[in-house]
Amino acid sequence: MNHPAPASTLAQRMRQTPYQAYSYSYPHKSAYRTLEQPMPLQPLWAGEDRSALFGYIHVPFCEMRCGFCNLFAMANPGDELVERYVSQVVRQMRVLNDVLGERRFARFALGGGTPTFLQPRQLETLLRAAEDILGISLQDTPAGIEASPETATAGKLAVCRAMGIDRVSLGIQSFSAPEMRALARPQQNDAVRSAIGRIRAAGFPTLNLDLIYGIAGQTIASLLASIDSALEFTPEELYLYPLYVRQHTGLGKLAQRRAARSFDTIALAPDGDSRLQLYIAARDHLRARGYVQVSMRMFRAPHAPGQDGPSYCCQNDGMVGFGTGARSYTRALHYSTDYAVGRAGTMDIIQGYLAYGDEDFLQARHGFQLGLDEQRRRYVIQSLLTDPGLDLLAYAARFRSSCLEDLPDLQELAALGLAEQRGSILRLNDLGYAYADTIGPWLASGRVQDLMSSGGASC
């Protein structure tokens with residue numbers, strides 16, 4: 001990951017690019033390291049609130065590797081490998097069933113990679129195991145799956161919908177052929193439209209479409225044209241992702257080769273970075289069409305369904321990951337398998353996971369231990385960067401202390417015109433959301449910044 005030079009104040013960071021790092025979780029996985037001693041999971045989870053957990057299955061397979069992708073995923077694995085992987089995930093569920101004890105899941109998802117790379121029977125195997133082993137009532141629990149247009153077949157969608165999946169997230173990125181070529185991701189609009197038609201025909205209540213801005217050659221007009229093409233399908237949610245070109249991705253390697261030929265420094269963003277202008281134009285375009293901004297990236301339609309039942313709160317952790325690359329979150333420990341981007345490293349980690357015995361699933365070996373300061377920072381970052389904002393009273397109830405005393409630097413947000421406090425809620429305004437990828441890294445501890453900069457596999 002490309003990290004800006006350390007800056008002591010938010011004002012100094014804001015003089016750099018607004019796009020410094022995506023704080024979708026804290027700490028980032030590149031801060032994870034091998035633990036000094038393996039930690040048994042049963043006592044770890046015994047002390048957690050397990051009344052509203054998030055169950056997550058990671059499927060690290062895709063039909064192709066996109067040029068911008070730095071996820072833990074491998075393109076075109078062999079059939080035998082995929083079959084062994086599905087069986088091993090079910091085995092992990094059986095082991096963790098005893099570890100978790102009495103619990104309730106408030107949310108469930110399959111991510112990747114591309115979960116719909118799996119065959120219909122493999123998807124059904126994982127979903128039935130989630131119900132029969134973990135006790136997740138998929139018909140009553142918000143449950144999502146990530147898909148690509150090429151793999152979202154009618155048969156796979158039918159299995160997912162029948163089992164209770166109610167949200168499909170489809171990665172489109174752009175409706176412009178030149179922009180898709182610039183992303184090193186061949187894709188035909190006919191295939192996209194057909195896939196969306198199949199999703200709608202299958203009856204999923206929530207369709208999310210992902211778009212990217214900051215692509216080489218993209219203009220405001222072409223971005224808004226892609227958004228309008230997406231809006232033809234009235235998606236319940238739409239995500240706008242700024243392009244980050246990271247070193248170990250296809251686009252990053254291309255940038256390195258170009259830099260080597262020109263004896264220039266590596267450019268990790270398109271020449272003449274226009275992402276902020278593109279973001280503002282896209283944000284205003286969506287708002288004018290009734291979409292409500294939930295975070296810098298997420299926009300929700302007025303017709304999107306609400307959520308019934310218990311609500312998972314990422315600030316309170318409680319995520320249980322299954323499969324290699326899946327993260328699990330408790331208050332004091334975030335853990336996973338190791339992480340890689342390149343095919344060889346990814347394959348090694350997957351093969352290691354396939355060799356696990358039951359006892360290997362009973363311990364955490366790789367992760368990040370969160371002391372009280374890191375727990376506080378995580379709560380603040382996860383709250384502040386999304387709607388409705390940071391509830392100072394909820395923070396006080398959780399940590400028995402004052403948020404603004406624990407993190408006095410937060411006062412800079414109001415001083416710089418990035419946030420407003422209304423009652424107990426500290427909330428980013430429009431300018432604050434525009435600089436969310438600056439604010440998140442700024443709030444990271446020095447320890448996390450050092451670990452992320454010193455050689456995580458995704459860096």
# chains A, B, ... in the order shown; residues from 1 in each chain; ligands from 1

call {"tool": "residues_around", "arguments": {"residues": "segment 144-150 of chain A", "least_positions_apart": "4", "cutoff": "9 Å", "atoms": "only C-alpha atoms", "output": "PyMOL selection string"}}
result
chain A and resi 62-63+107-117+160+165-172+187+191-196+206

call {"tool": "select_by_dssp", "arguments": {"residues": "segment 26-214 of chain A", "states": "strand (DSSP E or B)", "output": "PyMOL selection string"}}
result
chain A and resi 33-40+53-59+61-62+74-75+105-112+143-147+167-173+206-213

call {"tool": "closest_residue", "arguments": {"among": "A:Gln92, A:Glu237, A:Tyr24, A:Gln12", "to": "Tyr356 of chain A", "atoms": "only C-alpha atoms"}}
result
A:Gln92

call {"tool": "residues_around", "arguments": {"residues": "segment 211-215 of chain A", "least_positions_apart": "6", "cutoff": "9 Å", "atoms": "only C-alpha atoms", "output": "number ranges by chain"}}
result
A: 171-175, 179-180, 182-183, 223, 226-227, 230, 238-244, 269-270, 273-276, 278-279, 282

call {"tool": "closest_residue", "arguments": {"among": "A:Met452, A:Arg343, A:Gln411, A:Arg200", "to": "Met64 of chain A", "atoms": "only C-alpha atoms"}}
result
A:Arg343

call {"tool": "residues_around", "arguments": {"residues": "Val320 of chain A", "least_positions_apart": "4", "cutoff": "12 Å", "atoms": "only C-alpha atoms", "output": "count of residues only"}}
result
39

call {"tool": "residues_around", "arguments": {"residues": "Leu416 of chain A", "least_positions_apart": "5", "cutoff": "12 Å", "atoms": "only C-alpha atoms", "output": "PyMOL selection string"}}
result
chain A and resi 9-14+409-411+428-429+431-432+435+439

call {"tool": "write_last_selection", "arguments": {"atoms": "C-alpha atoms", "output": "short mmCIF file (atom, residue, chain, number, x, y, z; two decimals), in the first residue's frame"}}
result
data_model
loop_
_atom_site.label_atom_id
_atom_site.label_comp_id
_atom_site.auth_asym_id
_atom_site.auth_seq_id
_atom_site.Cartn_x
_atom_site.Cartn_y
_atom_site.Cartn_z
CA THR A 9 -1.35 17.29 12.09
CA LEU A 10 -4.43 16.72 9.99
CA ALA A 11 -3.88 20.08 8.29
CA GLN A 12 -0.49 18.89 7.08
CA ARG A 13 -1.97 15.65 5.77
CA MET A 14 -4.67 17.58 3.92
CA ASP A 409 -6.77 15.56 18.14
CA LEU A 410 -10.42 15.11 17.16
CA GLN A 411 -10.84 18.82 17.92
CA LEU A 428 -18.37 14.46 9.18
CA ASN A 429 -19.82 17.05 6.81
CA LEU A 431 -15.84 18.22 3.18
CA GLY A 432 -15.09 15.64 5.87
CA TYR A 435 -11.29 13.66 3.04
CA ILE A 439 -8.93 11.28 8.28
#

call {"tool": "atom_distance", "arguments": {"atom1": "atom CA of Asp430 of chain A", "atom2": "atom CA of Val294 of chain A"}}
result
11.3 Å

call {"tool": "decode", "arguments": {"residues": "segment 335-347 of chain A", "atoms": "all heavy atoms", "output": "tab-separated table (two decimals), in the first residue's frame"}}
result
chain	number	residue	atom	x	y	z
A	335	TYR	N	-7.72	-11.59	14.07
A	335	TYR	CA	-6.85	-12.65	13.59
A	335	TYR	C	-7.33	-13.21	12.25
A	335	TYR	O	-8.49	-13.06	11.87
A	335	TYR	CB	-6.72	-13.77	14.63
A	335	TYR	CG	-8.01	-14.50	14.95
A	335	TYR	CD1	-8.37	-15.67	14.28
A	335	TYR	CD2	-8.87	-14.03	15.95
A	335	TYR	CE1	-9.54	-16.33	14.58
A	335	TYR	CE2	-10.05	-14.70	16.26
A	335	TYR	CZ	-10.37	-15.86	15.57
A	335	TYR	OH	-11.54	-16.53	15.87
A	336	SER	N	-6.41	-13.86	11.55
A	336	SER	CA	-6.70	-14.44	10.25
A	336	SER	C	-5.54	-15.35	9.89
A	336	SER	O	-4.58	-15.49	10.65
A	336	SER	CB	-6.86	-13.35	9.19
A	336	SER	OG	-5.60	-12.75	8.94
A	337	THR	N	-5.60	-15.93	8.70
A	337	THR	CA	-4.41	-16.53	8.13
A	337	THR	C	-3.52	-15.39	7.61
A	337	THR	O	-3.90	-14.22	7.65
A	337	THR	CB	-4.76	-17.46	6.96
A	337	THR	OG1	-5.47	-16.71	5.96
A	337	THR	CG2	-5.63	-18.61	7.42
A	338	ASP	N	-2.36	-15.74	7.10
A	338	ASP	CA	-1.49	-14.75	6.49
A	338	ASP	C	-2.15	-14.23	5.22
A	338	ASP	O	-3.21	-14.72	4.80
A	338	ASP	CB	-0.12	-15.36	6.20
A	338	ASP	CG	0.99	-14.33	6.14
A	338	ASP	OD1	0.67	-13.13	6.09
A	338	ASP	OD2	2.16	-14.73	6.13
A	339	TYR	N	-1.49	-13.29	4.55
A	339	TYR	CA	-2.09	-12.57	3.43
A	339	TYR	C	-1.06	-12.40	2.32
A	339	TYR	O	0.13	-12.20	2.59
A	339	TYR	CB	-2.55	-11.20	3.93
A	339	TYR	CG	-3.15	-10.28	2.89
A	339	TYR	CD1	-4.38	-10.58	2.31
A	339	TYR	CD2	-2.51	-9.11	2.52
A	339	TYR	CE1	-4.95	-9.73	1.38
A	339	TYR	CE2	-3.08	-8.25	1.59
A	339	TYR	CZ	-4.30	-8.57	1.03
A	339	TYR	OH	-4.86	-7.73	0.11
A	340	ALA	N	-1.50	-12.51	1.09
A	340	ALA	CA	-0.62	-12.29	-0.06
A	340	ALA	C	-1.45	-11.75	-1.20
A	340	ALA	O	-2.68	-11.83	-1.20
A	340	ALA	CB	0.07	-13.59	-0.47
A	341	VAL	N	-0.77	-11.19	-2.19
A	341	VAL	CA	-1.42	-10.70	-3.40
A	341	VAL	C	-1.00	-11.54	-4.61
A	341	VAL	O	-1.82	-11.92	-5.43
A	341	VAL	CB	-1.11	-9.21	-3.64
A	341	VAL	CG1	-1.70	-8.74	-4.97
A	341	VAL	CG2	-1.67	-8.36	-2.50
A	342	GLY	N	0.29	-11.83	-4.70
A	342	GLY	CA	0.80	-12.62	-5.82
A	342	GLY	C	0.28	-14.04	-5.80
A	342	GLY	O	-0.06	-14.61	-4.75
A	343	ARG	N	0.23	-14.68	-6.98
A	343	ARG	CA	-0.35	-16.01	-7.10
A	343	ARG	C	0.43	-17.05	-6.29
A	343	ARG	O	-0.18	-17.88	-5.60
A	343	ARG	CB	-0.38	-16.44	-8.58
A	343	ARG	CG	-1.09	-17.78	-8.80
A	343	ARG	CD	-1.16	-18.17	-10.26
A	343	ARG	NE	-1.83	-19.45	-10.43
A	343	ARG	CZ	-3.13	-19.63	-10.59
A	343	ARG	NH1	-3.93	-18.57	-10.59
A	343	ARG	NH2	-3.65	-20.83	-10.74
A	344	ALA	N	1.76	-17.02	-6.32
A	344	ALA	CA	2.55	-18.03	-5.61
A	344	ALA	C	2.31	-17.94	-4.11
A	344	ALA	O	2.09	-18.96	-3.44
A	344	ALA	CB	4.03	-17.87	-5.94
A	345	GLY	N	2.36	-16.72	-3.57
A	345	GLY	CA	2.13	-16.56	-2.13
A	345	GLY	C	0.73	-16.94	-1.73
A	345	GLY	O	0.52	-17.58	-0.68
A	346	THR	N	-0.24	-16.58	-2.56
A	346	THR	CA	-1.64	-16.94	-2.27
A	346	THR	C	-1.81	-18.46	-2.27
A	346	THR	O	-2.46	-19.03	-1.38
A	346	THR	CB	-2.57	-16.30	-3.30
A	346	THR	OG1	-2.40	-14.88	-3.26
A	346	THR	CG2	-4.02	-16.63	-3.02
A	347	MET	N	-1.23	-19.12	-3.25
A	347	MET	CA	-1.34	-20.57	-3.33
A	347	MET	C	-0.72	-21.25	-2.11
A	347	MET	O	-1.28	-22.19	-1.54
A	347	MET	CB	-0.68	-21.09	-4.61
A	347	MET	CG	-0.63	-22.62	-4.71
A	347	MET	SD	-2.27	-23.38	-4.73
A	347	MET	CE	-2.61	-23.36	-6.50
